[in-house]
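Text of my_file_30.tsv (TSV, C-alpha atoms) as supplied:
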```tsv
chain	number	residue	atom	x	y	z
A	1	MET	CA	-22.16	-30.12	-55.98
A	2	TYR	CA	-25.38	-31.18	-54.34
A	3	TYR	CA	-26.37	-30.00	-50.93
A	4	LYS	CA	-28.70	-31.21	-48.27
A	5	PHE	CA	-29.75	-29.68	-44.97
A	6	SER	CA	-28.04	-31.47	-42.12
A	7	GLY	CA	-30.40	-31.83	-39.19
A	8	PHE	CA	-27.38	-32.46	-37.00
A	9	SER	CA	-25.39	-29.28	-37.66
A	10	GLN	CA	-28.41	-27.24	-38.83
A	11	LYS	CA	-26.39	-26.17	-41.90
A	12	LEU	CA	-26.21	-27.03	-45.60
A	13	VAL	CA	-23.65	-29.78	-46.17
A	14	GLY	CA	-22.40	-31.52	-49.32
A	15	ALA	CA	-24.39	-34.56	-50.51
A	16	VAL	CA	-24.28	-37.14	-53.32
A	17	ALA	CA	-26.32	-36.54	-56.46
A	18	SER	CA	-28.67	-39.41	-55.69
A	19	ALA	CA	-29.95	-37.42	-52.70
A	20	ALA	CA	-31.61	-35.11	-55.25
A	21	TYR	CA	-33.95	-37.99	-56.20
A	22	VAL	CA	-34.90	-38.60	-52.57
A	23	PRO	CA	-35.52	-35.15	-51.21
A	24	GLN	CA	-35.39	-34.99	-47.44
A	25	GLY	CA	-38.10	-32.36	-47.21
A	26	LEU	CA	-38.27	-29.92	-44.35
A	27	LYS	CA	-39.01	-31.60	-41.06
A	28	PRO	CA	-40.23	-29.50	-38.19
A	29	LEU	CA	-37.27	-28.42	-36.04
A	30	VAL	CA	-36.88	-29.99	-32.58
A	31	SER	CA	-37.67	-27.42	-29.96
A	32	THR	CA	-34.46	-26.13	-28.41
A	33	GLU	CA	-36.21	-24.92	-25.29
A	34	SER	CA	-35.15	-27.10	-22.36
A	35	PRO	CA	-37.91	-28.31	-20.10
A	36	ALA	CA	-38.38	-26.48	-16.81
A	37	LEU	CA	-35.80	-27.80	-14.36
A	38	ILE	CA	-37.27	-29.55	-11.38
A	39	PHE	CA	-35.24	-29.29	-8.16
A	40	GLY	CA	-35.79	-31.12	-4.97
A	41	THR	CA	-36.02	-27.87	-3.03
A	42	PRO	CA	-37.63	-24.69	-4.37
A	43	THR	CA	-35.12	-22.29	-6.00
A	44	LYS	CA	-34.75	-18.68	-4.81
A	45	LEU	CA	-34.09	-16.28	-7.67
A	46	ALA	CA	-31.53	-13.49	-7.27
A	47	SER	CA	-34.15	-11.00	-8.30
A	48	ASP	CA	-36.21	-11.95	-5.28
A	49	SER	CA	-33.56	-10.83	-2.73
A	50	PRO	CA	-33.68	-7.28	-1.34
A	51	ALA	CA	-32.28	-4.67	-3.68
A	52	ALA	CA	-29.45	-3.34	-1.51
A	53	VAL	CA	-28.06	-6.23	0.53
A	54	SER	CA	-25.95	-4.67	3.20
A	55	TYR	CA	-22.50	-6.35	3.31
A	56	LEU	CA	-20.13	-4.62	5.70
A	57	GLY	CA	-22.04	-1.33	5.78
A	58	LYS	CA	-24.03	0.89	3.49
A	59	ASN	CA	-22.58	3.07	0.75
A	60	LYS	CA	-22.36	6.52	2.29
A	61	VAL	CA	-20.18	8.02	-0.47
A	62	PRO	CA	-22.99	9.96	-2.23
A	63	ASP	CA	-23.96	11.62	1.08
A	64	LEU	CA	-20.34	12.50	1.81
A	65	GLN	CA	-19.97	13.85	-1.71
A	66	LYS	CA	-22.89	16.20	-1.08
A	67	LEU	CA	-21.44	17.26	2.27
A	68	PHE	CA	-17.98	18.04	0.93
A	69	GLN	CA	-19.27	19.86	-2.13
A	70	LYS	CA	-21.38	22.34	-0.16
A	71	ALA	CA	-20.59	25.89	-1.25
A	72	ASP	CA	-19.79	27.18	2.24
A	73	GLY	CA	-16.34	28.54	1.42
A	74	LEU	CA	-14.62	26.26	3.96
A	75	PRO	CA	-11.25	24.74	3.00
A	76	VAL	CA	-11.20	20.97	2.72
A	77	HIS	CA	-9.34	20.44	5.99
A	78	LEU	CA	-12.14	22.16	7.95
A	79	LYS	CA	-15.08	21.07	5.84
A	80	ARG	CA	-16.58	18.75	8.41
A	81	GLY	CA	-16.85	21.40	11.07
A	82	VAL	CA	-16.11	20.83	14.76
A	83	PRO	CA	-14.11	17.56	14.67
A	84	ASP	CA	-11.85	19.01	11.96
A	85	GLN	CA	-11.34	22.20	13.95
A	86	LEU	CA	-10.43	20.27	17.09
A	87	LEU	CA	-7.84	18.17	15.25
A	88	TYR	CA	-6.41	21.20	13.47
A	89	ARG	CA	-6.12	23.26	16.62
A	90	THR	CA	-4.52	20.39	18.53
A	91	THR	CA	-1.98	19.80	15.76
A	92	MET	CA	-1.16	23.50	15.50
A	93	ALA	CA	-0.84	23.87	19.28
A	94	LEU	CA	1.53	20.90	19.49
A	95	THR	CA	3.51	22.22	16.52
A	96	ILE	CA	3.90	25.77	17.84
A	97	GLY	CA	4.48	24.64	21.41
A	98	GLY	CA	6.99	22.08	20.20
A	99	THR	CA	8.84	24.70	18.16
A	100	ILE	CA	9.19	27.01	21.16
A	101	TYR	CA	10.40	24.11	23.32
A	102	CYS	CA	12.81	23.13	20.56
A	103	LEU	CA	14.26	26.64	20.26
A	104	ILE	CA	14.75	26.86	24.02
A	105	ALA	CA	16.39	23.42	24.11
A	106	LEU	CA	18.69	24.31	21.22
A	107	TYR	CA	19.58	27.64	22.87
A	108	MET	CA	20.48	25.86	26.10
A	109	ALA	CA	22.37	23.13	24.25
A	110	SER	CA	24.45	25.74	22.46
A	111	GLN	CA	25.66	27.28	25.75
A	112	PRO	CA	29.21	26.14	26.53
A	113	LYS	CA	29.76	24.35	29.86
A	114	SER	CA	26.16	24.78	31.12
A	115	LYS	CA	24.66	21.45	29.97
A	116	LYS	CA	21.07	20.74	30.99
B	1	MET	CA	-15.67	33.79	-14.74
B	2	ALA	CA	-16.23	31.90	-11.50
B	3	HIS	CA	-15.19	28.39	-12.52
B	4	GLN	CA	-11.90	26.98	-13.77
B	5	THR	CA	-11.52	26.07	-17.43
B	6	HIS	CA	-8.69	23.53	-17.01
B	7	ALA	CA	-8.54	19.99	-15.67
B	8	TYR	CA	-5.89	20.53	-13.00
B	9	HIS	CA	-6.38	20.66	-9.25
B	10	MET	CA	-5.85	24.00	-7.52
B	11	VAL	CA	-5.79	22.88	-3.90
B	12	ASP	CA	-7.35	24.80	-1.01
B	13	PRO	CA	-4.87	26.54	1.33
B	14	SER	CA	-3.68	23.91	3.80
B	15	PRO	CA	-1.68	24.01	7.04
B	16	TRP	CA	-0.23	20.52	6.71
B	17	PRO	CA	2.96	21.33	4.76
B	18	LEU	CA	3.87	23.79	7.53
B	19	THR	CA	3.05	21.40	10.38
B	20	GLY	CA	4.88	18.63	8.51
B	21	ALA	CA	8.03	20.68	8.10
B	22	THR	CA	7.91	21.72	11.74
B	23	ALA	CA	7.36	18.12	12.77
B	24	ALA	CA	10.56	17.22	10.90
B	25	LEU	CA	12.39	19.92	12.87
B	26	LEU	CA	11.07	18.53	16.15
B	27	LEU	CA	12.00	14.96	15.15
B	28	THR	CA	15.58	15.79	14.25
B	29	SER	CA	16.31	18.08	17.18
B	30	GLY	CA	14.49	15.54	19.36
B	31	LEU	CA	16.95	12.88	18.19
B	32	ALA	CA	19.82	15.16	19.19
B	33	MET	CA	18.24	15.75	22.60
B	34	TRP	CA	17.81	12.01	23.08
B	35	PHE	CA	21.37	11.16	22.08
B	36	HIS	CA	23.12	13.87	24.09
B	37	TYR	CA	20.83	14.82	26.94
B	38	ASN	CA	18.82	11.63	27.51
B	39	SER	CA	15.48	13.43	26.99
B	40	THR	CA	12.77	11.96	24.78
B	41	THR	CA	10.11	14.70	25.08
B	42	LEU	CA	11.02	16.59	21.93
B	43	MET	CA	11.29	13.42	19.85
B	44	ALA	CA	7.92	12.19	21.10
B	45	LEU	CA	6.40	15.56	20.17
B	46	GLY	CA	8.01	15.27	16.75
B	47	LEU	CA	6.62	11.77	16.20
B	48	LEU	CA	3.16	12.82	17.32
B	49	THR	CA	2.99	15.90	15.10
B	50	THR	CA	4.37	13.91	12.15
B	51	LEU	CA	1.64	11.30	12.57
B	52	MET	CA	-1.10	13.89	12.96
B	53	THR	CA	0.10	15.77	9.87
B	54	MET	CA	0.23	12.59	7.79
B	55	MET	CA	-3.22	11.46	8.87
B	56	GLN	CA	-4.89	14.80	8.18
B	57	TRP	CA	-3.05	15.46	4.91
B	58	TRP	CA	-3.97	12.07	3.46
B	59	ARG	CA	-7.51	12.36	4.85
B	60	ASP	CA	-7.81	15.64	2.93
B	61	ILE	CA	-6.58	13.96	-0.27
B	62	VAL	CA	-9.32	11.32	0.08
B	63	ARG	CA	-11.83	14.14	0.59
B	64	GLU	CA	-10.58	16.04	-2.46
B	65	SER	CA	-10.67	12.98	-4.71
B	66	THR	CA	-13.51	10.68	-3.65
B	67	PHE	CA	-15.85	13.34	-2.27
B	68	GLN	CA	-15.03	16.44	-4.30
B	69	GLY	CA	-14.03	14.81	-7.60
B	70	HIS	CA	-10.86	16.81	-8.20
B	71	HIS	CA	-8.81	13.82	-9.45
B	72	THR	CA	-9.34	14.11	-13.19
B	73	MET	CA	-7.25	12.06	-15.65
B	74	PRO	CA	-4.37	14.59	-15.87
B	75	VAL	CA	-4.30	14.85	-12.09
B	76	GLN	CA	-4.20	11.07	-11.74
B	77	LYS	CA	-1.41	10.90	-14.31
B	78	GLY	CA	0.63	13.32	-12.20
B	79	LEU	CA	0.01	11.20	-9.11
B	80	ARG	CA	1.19	8.10	-10.97
B	81	TYR	CA	4.41	9.84	-11.97
B	82	GLY	CA	4.83	10.98	-8.39
B	83	MET	CA	4.44	7.50	-6.93
B	84	ILE	CA	6.81	5.97	-9.48
B	85	LEU	CA	9.45	8.62	-8.75
B	86	PHE	CA	9.05	8.14	-5.01
B	87	ILE	CA	9.48	4.36	-5.27
B	88	THR	CA	12.52	4.94	-7.50
B	89	SER	CA	14.06	7.15	-4.84
B	90	GLU	CA	13.47	4.39	-2.27
B	91	VAL	CA	15.17	1.89	-4.59
B	92	PHE	CA	18.25	4.11	-4.56
B	93	PHE	CA	18.02	4.30	-0.78
B	94	PHE	CA	18.29	0.51	-0.59
B	95	ILE	CA	21.02	0.39	-3.25
B	96	GLY	CA	23.20	2.27	-0.78
B	97	PHE	CA	22.85	-0.44	1.85
B	98	PHE	CA	23.44	-3.20	-0.66
B	99	TRP	CA	26.58	-1.34	-1.76
B	100	ALA	CA	27.78	-1.29	1.83
B	101	PHE	CA	27.08	-5.01	2.21
B	102	TYR	CA	28.92	-6.00	-0.96
B	103	HIS	CA	31.81	-3.66	-0.17
B	104	SER	CA	32.45	-5.48	3.10
B	105	SER	CA	31.56	-9.01	2.03
B	106	LEU	CA	33.31	-9.31	-1.34
B	107	ALA	CA	36.73	-8.51	0.16
B	108	PRO	CA	36.60	-9.45	3.86
B	109	THR	CA	39.38	-7.81	5.87
B	110	PRO	CA	41.90	-9.73	8.00
B	111	GLU	CA	40.13	-8.35	11.08
B	112	LEU	CA	37.15	-10.50	10.12
B	113	GLY	CA	39.32	-13.56	9.58
B	114	GLY	CA	39.57	-13.00	5.84
B	115	ASN	CA	36.29	-14.80	5.16
B	116	TRP	CA	32.57	-14.08	4.94
B	117	PRO	CA	30.64	-14.72	7.12
B	118	PRO	CA	33.28	-13.39	9.52
B	119	THR	CA	34.87	-15.77	12.00
B	120	GLY	CA	32.64	-16.29	15.01
B	121	ILE	CA	29.43	-15.26	13.28
B	122	HIS	CA	26.79	-17.98	12.94
B	123	PRO	CA	24.42	-16.75	10.21
B	124	LEU	CA	20.76	-17.71	10.16
B	125	ASN	CA	19.82	-20.76	8.09
B	126	PRO	CA	18.32	-19.33	4.90
B	127	PHE	CA	16.09	-22.37	4.45
B	128	GLU	CA	14.22	-21.94	7.71
B	129	VAL	CA	12.23	-18.81	8.67
B	130	PRO	CA	13.76	-16.61	5.91
B	131	LEU	CA	12.44	-19.03	3.29
B	132	LEU	CA	9.00	-18.92	4.89
B	133	ASN	CA	9.19	-15.12	4.82
B	134	THR	CA	9.96	-15.28	1.12
B	135	ALA	CA	6.91	-17.47	0.52
B	136	VAL	CA	4.74	-15.14	2.61
B	137	LEU	CA	5.71	-12.05	0.61
B	138	LEU	CA	5.39	-13.80	-2.75
B	139	ALA	CA	1.93	-15.04	-1.72
B	140	SER	CA	0.94	-11.48	-0.75
B	141	GLY	CA	1.86	-10.43	-4.29
B	142	VAL	CA	-0.52	-13.03	-5.65
B	143	THR	CA	-3.38	-12.10	-3.33
B	144	ILE	CA	-3.10	-8.40	-4.03
B	145	THR	CA	-3.28	-9.09	-7.78
B	146	TRP	CA	-6.36	-11.21	-7.11
B	147	ALA	CA	-7.85	-8.32	-5.12
B	148	HIS	CA	-7.12	-5.86	-7.92
B	149	HIS	CA	-8.76	-8.01	-10.59
B	150	SER	CA	-11.77	-8.63	-8.34
B	151	LEU	CA	-12.07	-4.88	-7.79
B	152	MET	CA	-11.99	-4.22	-11.54
B	153	ALA	CA	-14.62	-6.93	-12.06
B	154	ALA	CA	-16.86	-5.29	-9.42
B	155	ASN	CA	-16.64	-8.40	-7.25
B	156	ARG	CA	-16.91	-6.79	-3.82
B	157	ASN	CA	-16.77	-9.89	-1.65
B	158	GLN	CA	-13.70	-11.35	-3.30
B	159	SER	CA	-11.80	-8.07	-3.43
B	160	ILE	CA	-12.35	-7.50	0.30
B	161	GLN	CA	-11.36	-11.08	1.15
B	162	ALA	CA	-8.24	-11.00	-1.03
B	163	LEU	CA	-7.08	-7.65	0.35
B	164	THR	CA	-7.67	-8.89	3.91
B	165	ILE	CA	-5.49	-11.93	3.22
B	166	THR	CA	-2.81	-9.62	1.78
B	167	VAL	CA	-2.78	-7.49	4.92
B	168	THR	CA	-2.67	-10.61	7.12
B	169	LEU	CA	0.34	-11.93	5.20
B	170	GLY	CA	2.13	-8.60	5.63
B	171	LEU	CA	1.53	-8.64	9.38
B	172	TYR	CA	2.59	-12.29	9.54
B	173	PHE	CA	5.90	-11.38	7.86
B	174	THR	CA	6.49	-8.63	10.41
B	175	ALA	CA	5.74	-10.98	13.31
B	176	LEU	CA	8.06	-13.69	11.95
B	177	GLN	CA	10.86	-11.19	11.36
B	178	ALA	CA	10.45	-9.74	14.86
B	179	MET	CA	10.79	-13.23	16.30
B	180	GLU	CA	13.89	-13.82	14.14
B	181	TYR	CA	15.43	-10.59	15.42
B	182	TYR	CA	14.80	-11.66	19.00
B	183	GLU	CA	16.24	-15.15	18.49
B	184	ALA	CA	19.24	-14.21	16.32
B	185	PRO	CA	22.61	-15.32	17.72
B	186	PHE	CA	24.27	-12.05	16.61
B	187	THR	CA	23.44	-8.36	17.17
B	188	ILE	CA	23.85	-5.08	15.32
B	189	ALA	CA	27.00	-4.48	17.37
B	190	ASP	CA	28.70	-7.60	16.03
B	191	GLY	CA	31.01	-5.94	13.56
B	192	VAL	CA	30.23	-5.10	9.97
B	193	TYR	CA	28.18	-8.30	9.54
B	194	GLY	CA	25.77	-7.24	12.25
B	195	SER	CA	25.61	-3.68	10.97
B	196	THR	CA	24.90	-4.55	7.35
B	197	PHE	CA	22.45	-7.30	8.28
B	198	PHE	CA	20.31	-5.35	10.73
B	199	VAL	CA	20.38	-1.99	8.94
B	200	ALA	CA	19.38	-3.50	5.57
B	201	THR	CA	16.76	-5.92	6.92
B	202	GLY	CA	15.65	-3.37	9.49
B	203	PHE	CA	14.85	-0.69	6.94
B	204	HIS	CA	13.16	-3.34	4.82
B	205	GLY	CA	11.00	-4.36	7.79
B	206	LEU	CA	10.06	-0.72	8.36
B	207	HIS	CA	8.95	-0.51	4.73
B	208	VAL	CA	6.86	-3.67	5.16
B	209	ILE	CA	5.11	-1.98	8.08
B	210	ILE	CA	4.54	1.16	5.99
B	211	GLY	CA	3.20	-0.96	3.11
B	212	SER	CA	0.90	-2.91	5.42
B	213	THR	CA	-0.46	0.33	6.87
B	214	PHE	CA	-1.12	1.67	3.38
B	215	LEU	CA	-2.94	-1.57	2.52
B	216	ILE	CA	-5.04	-1.43	5.71
B	217	VAL	CA	-6.16	2.08	4.78
B	218	CYS	CA	-7.03	0.79	1.28
B	219	LEU	CA	-9.01	-2.07	2.83
B	220	LEU	CA	-11.04	0.38	4.92
B	221	ARG	CA	-11.67	2.57	1.87
B	222	LEU	CA	-12.62	-0.50	-0.18
B	223	ILE	CA	-15.18	-1.51	2.46
B	224	LYS	CA	-16.54	2.04	2.48
B	225	PHE	CA	-17.16	1.99	-1.30
B	226	HIS	CA	-14.55	4.65	-2.11
B	227	PHE	CA	-13.14	2.79	-5.12
B	228	THR	CA	-14.81	2.36	-8.52
B	229	THR	CA	-13.99	-0.34	-11.05
B	230	ALA	CA	-12.13	2.14	-13.24
B	231	HIS	CA	-10.77	4.67	-10.71
B	232	HIS	CA	-8.84	3.36	-7.70
B	233	PHE	CA	-5.38	4.86	-7.90
B	234	GLY	CA	-4.83	4.72	-4.13
B	235	PHE	CA	-5.20	0.95	-4.33
B	236	GLU	CA	-2.84	0.72	-7.29
B	237	ALA	CA	-0.26	2.87	-5.50
B	238	ALA	CA	-0.43	0.56	-2.46
B	239	ALA	CA	-0.04	-2.46	-4.76
B	240	TRP	CA	3.03	-0.93	-6.46
B	241	TYR	CA	4.57	-0.21	-3.06
B	242	GLY	CA	3.85	-3.76	-1.89
B	243	HIS	CA	5.49	-5.25	-4.98
B	244	PHE	CA	8.52	-2.99	-4.47
B	245	VAL	CA	8.88	-4.18	-0.86
B	246	ASP	CA	8.62	-7.79	-2.07
B	247	VAL	CA	11.35	-7.27	-4.71
B	248	VAL	CA	13.69	-5.66	-2.15
B	249	TRP	CA	13.18	-8.69	0.10
B	250	LEU	CA	14.08	-11.06	-2.76
B	251	PHE	CA	17.35	-9.18	-3.26
B	252	LEU	CA	17.98	-9.20	0.49
B	253	TYR	CA	17.27	-12.92	0.70
B	254	ILE	CA	19.56	-13.84	-2.20
B	255	SER	CA	22.41	-11.49	-1.20
B	256	ILE	CA	22.50	-11.42	2.58
B	257	TYR	CA	20.73	-14.55	3.73
B	258	TRP	CA	21.79	-17.01	1.04
B	259	TRP	CA	25.02	-15.84	-0.57
B	260	GLY	CA	26.28	-13.93	2.53
```
Structure translated into structure tokens:
Amino acid sequence: MYYKFSGFSQKLVGAVASAAYVPQGLKPLVSTESPALIFGTPTKLASDSPAAVSYLGKNKVPDLQKLFQKADGLPVHLKRGVPDQLLYRTTMALTIGGTIYCLIALYMASQPKSKK
Amino acid sequence: MAHQTHAYHMVDPSPWPLTGATAALLLTSGLAMWFHYNSTTLMALGLLTTLMTMMQWWRDIVRESTFQGHHTMPVQKGLRYGMILFITSEVFFFIGFFWAFYHSSLAPTPELGGNWPPTGIHPLNPFEVPLLNTAVLLASGVTITWAHHSLMAANRNQSIQALTITVTLGLYFTALQAMEYYEAPFTIADGVYGSTFFVATGFHGLHVIIGSTFLIVCLLRLIKFHFTTAHHFGFEAAAWYGHFVDVVWLFLYISIYWWG
């Protein structure tokens, strides 16, 4: 089997024996680098845009991670300080107040004949 | 020996289980007060404390996971099991109402005229708004899958857009169904047809609202960079819940709207 270098597929391919008497030689390869593209308007590269393009807000997660991992001994539901305390106290007040109201209402509802 | 040597999450002491249980007490006794004594104060208190408990409890879970890093792989696995089991329990909840529907509709009593739909009931045309509702929910399944894949491919713009469309579709379904309820020629008081129709579709609608709320929270968290390409279980849980709601609707549509 005789082989020749195919300029088309850039690989060795089978050839007839007579090709051995007319060696193709090594021609210089065509440059595969494409010429610089010319656009009508100048192109803006992605690397030229600002590093942290703000789309719908900045990433505050690392700051919040630092805040919530502070070693201040606070439980997670109070970790943010005053707003957490306000919410917690309001919830607790409504819960305890509601329970008392509920017990009174149930006591009154359980009285025979004296319906509220 | 100040740090833990296992991968599990030992939670900080929290008041929310207590407030949640108490809120349930206020809700139930509030219902009794409303039914028998025409007073809505206790029920309103119950609803308010339930909402406040839910918001703060889930807020704390976000803090523990995204900000404190407690959700290791074993912890996430447990959460996955939990969500699957919860959805399974909801499936059984709906099976009950489907059982009731088939019980009444497969052997209609003489009081109904011996046929289904009962005599005098004009059911809704399944090929009008109900068919649109089906398309809306199926489309939301597609868009949420798109959002998930965009999230995993770190494509922020597309994931936000796709999740926004999903939420919009969910709200659109709710609006359409509310309009259908208003325009329906029969009510919940119209015999067993009305009861089975409105209880089954009503609970489904409530679950759509719950699912939409879950997705809105996910959208906010997505915008705020809480999710990573590999760790976003909250989003996956919302997606599972959305698909479950969609499947329930398909069963409702086939059974009650089309066959019924």
Residue contacts of Leu250 of chain B (10 Å, only C-alpha atoms) excluding same-chain residues fewer than 5 positions away, as a PyMOL selection string: chain B and resi 133-134+137-138+244-245+255-257
Taking all atoms listed in the file into account, produce a table as a tab-separated table in which each residue of chain B with an atom at most 9 Å from an atom of chain A appears once, together with its shortest atom pair and the distance in Å to one decimal, ordered by chain and rising number.
```
residue	atom	partner	partner_atom	distance
B:Val11	CA	A:Val76	CA	8.8
B:Asp12	CA	A:Pro75	CA	5.6
B:Pro13	CA	A:Pro75	CA	6.8
B:Ser14	CA	A:His77	CA	7.0
B:Pro15	CA	A:Tyr88	CA	8.5
B:Thr19	CA	A:Thr95	CA	6.2
B:Gly20	CA	A:Thr95	CA	8.9
B:Thr22	CA	A:Thr95	CA	6.5
B:Ala23	CA	A:Thr95	CA	6.8
B:Leu25	CA	A:Thr99	CA	8.0
B:Leu26	CA	A:Cys102	CA	6.6
B:Ser29	CA	A:Cys102	CA	7.0
B:Gly30	CA	A:Cys102	CA	7.9
B:Met33	CA	A:Ala105	CA	8.0
B:Tyr37	CA	A:Lys116	CA	7.2
B:Leu42	CA	A:Cys102	CA	6.9
B:Leu45	CA	A:Gly98	CA	6.5
B:Gly46	CA	A:Gly98	CA	7.7
B:Leu48	CA	A:Leu94	CA	8.5
B:Thr49	CA	A:Thr91	CA	6.4
B:Met52	CA	A:Thr91	CA	6.6
B:Thr53	CA	A:Thr91	CA	7.4
B:Gln56	CA	A:His77	CA	7.5
B:Trp57	CA	A:His77	CA	8.1
B:Arg59	CA	A:His77	CA	8.4
B:Asp60	CA	A:His77	CA	5.9
B:Ile61	CA	A:Val76	CA	8.9
B:Arg63	CA	A:Val76	CA	7.2
B:Glu64	CA	A:Val76	CA	7.2
B:Thr66	CA	A:Gln65	CA	7.5
B:Phe67	CA	A:Gln65	CA	4.2
B:Gln68	CA	A:Gln69	CA	5.9
B:Gly69	CA	A:Gln65	CA	8.4
B:Asn157	CA	A:Tyr55	CA	8.4
B:Ile223	CA	A:Leu56	CA	6.7
B:Lys224	CA	A:Asn59	CA	6.4
B:Phe225	CA	A:Asn59	CA	5.9
B:His226	CA	A:Val61	CA	6.8
```
At what distance in Å, to one decimal, does atom CA of Gly242 of chain B lie from atom CA of Ser150 of chain B?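 Going from atom CA of Ser150 of chain B over to atom CA of Gly242 of chain B covers 17.6 Å.
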Using all atoms of segment 105-118 of chain B listed in the file and a margin of 4 Å per side, can you give the axis-aligned box centre and edge lengths in Å to one decimal, as JSON?
```
{"center_x": 36.3, "center_y": -11.3, "center_z": 4.9, "size_x": 19.3, "size_y": 15.0, "size_z": 20.4}
```
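For the pair atom CA of Trp258 of chain B and atom CA of Thr88 of chain B, the separation is 25.3 Å.
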**OP:** Rank B:Leu85, B:Thr187, B:Pro74, B:Glu180 by their smallest atom-to-atom distance to Pro126 of chain B, using only C-alpha atoms, and report the top residue only.
**Re:**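 Of the candidates, the smallest distance to Pro126 of chain B is held by B:Glu180.
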Provide the atom CA of Leu215 of chain B to atom CA of His243 of chain B distance in Å, to one decimal place.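 Calculated distance between atom CA of Leu215 of chain B and atom CA of His243 of chain B is 11.9 Å.
All residues of protein, DNA or RNA that reach within 10 Å of Ala147 of chain B, judged by all atoms listed in the file and not counting those fewer than 4 positions away in the chain, are Gly141, Val142, Thr143, Leu151, Met152, Ala153, Asn155, Arg156, Asn157, Gln158, Ser159, Ile160, Gln161, Ala162, Leu163, Thr164, Ile165, Thr166, Phe235 and Ala239 of chain B.
Checking A:Pro112, A:Met1, A:Tyr107, A:Ser6 one by one against Ser18 of chain A, counting all atoms listed in the file, you find the shortest gap at A:Met1.
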Take the point (12.7, -2.3, -0.2) as written in the file and pick out every residue within 7 Å of it, counting only C-alpha atoms; give the list as an mmCIF file with C-alpha atoms, keeping the file's coordinate frame.
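What ended up in result.cif:
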```cif
data_model
loop_
_atom_site.group_PDB
_atom_site.id
_atom_site.type_symbol
_atom_site.label_atom_id
_atom_site.label_comp_id
_atom_site.auth_asym_id
_atom_site.auth_seq_id
_atom_site.Cartn_x
_atom_site.Cartn_y
_atom_site.Cartn_z
ATOM 1 C CA VAL B 91 15.170 1.890 -4.590
ATOM 2 C CA PHE B 94 18.290 0.510 -0.590
ATOM 3 C CA HIS B 204 13.160 -3.340 4.820
ATOM 4 C CA HIS B 207 8.950 -0.510 4.730
ATOM 5 C CA PHE B 244 8.520 -2.990 -4.470
ATOM 6 C CA VAL B 245 8.880 -4.180 -0.860
ATOM 7 C CA VAL B 247 11.350 -7.270 -4.710
ATOM 8 C CA VAL B 248 13.690 -5.660 -2.150
ATOM 9 C CA TRP B 249 13.180 -8.690 0.100
#
```
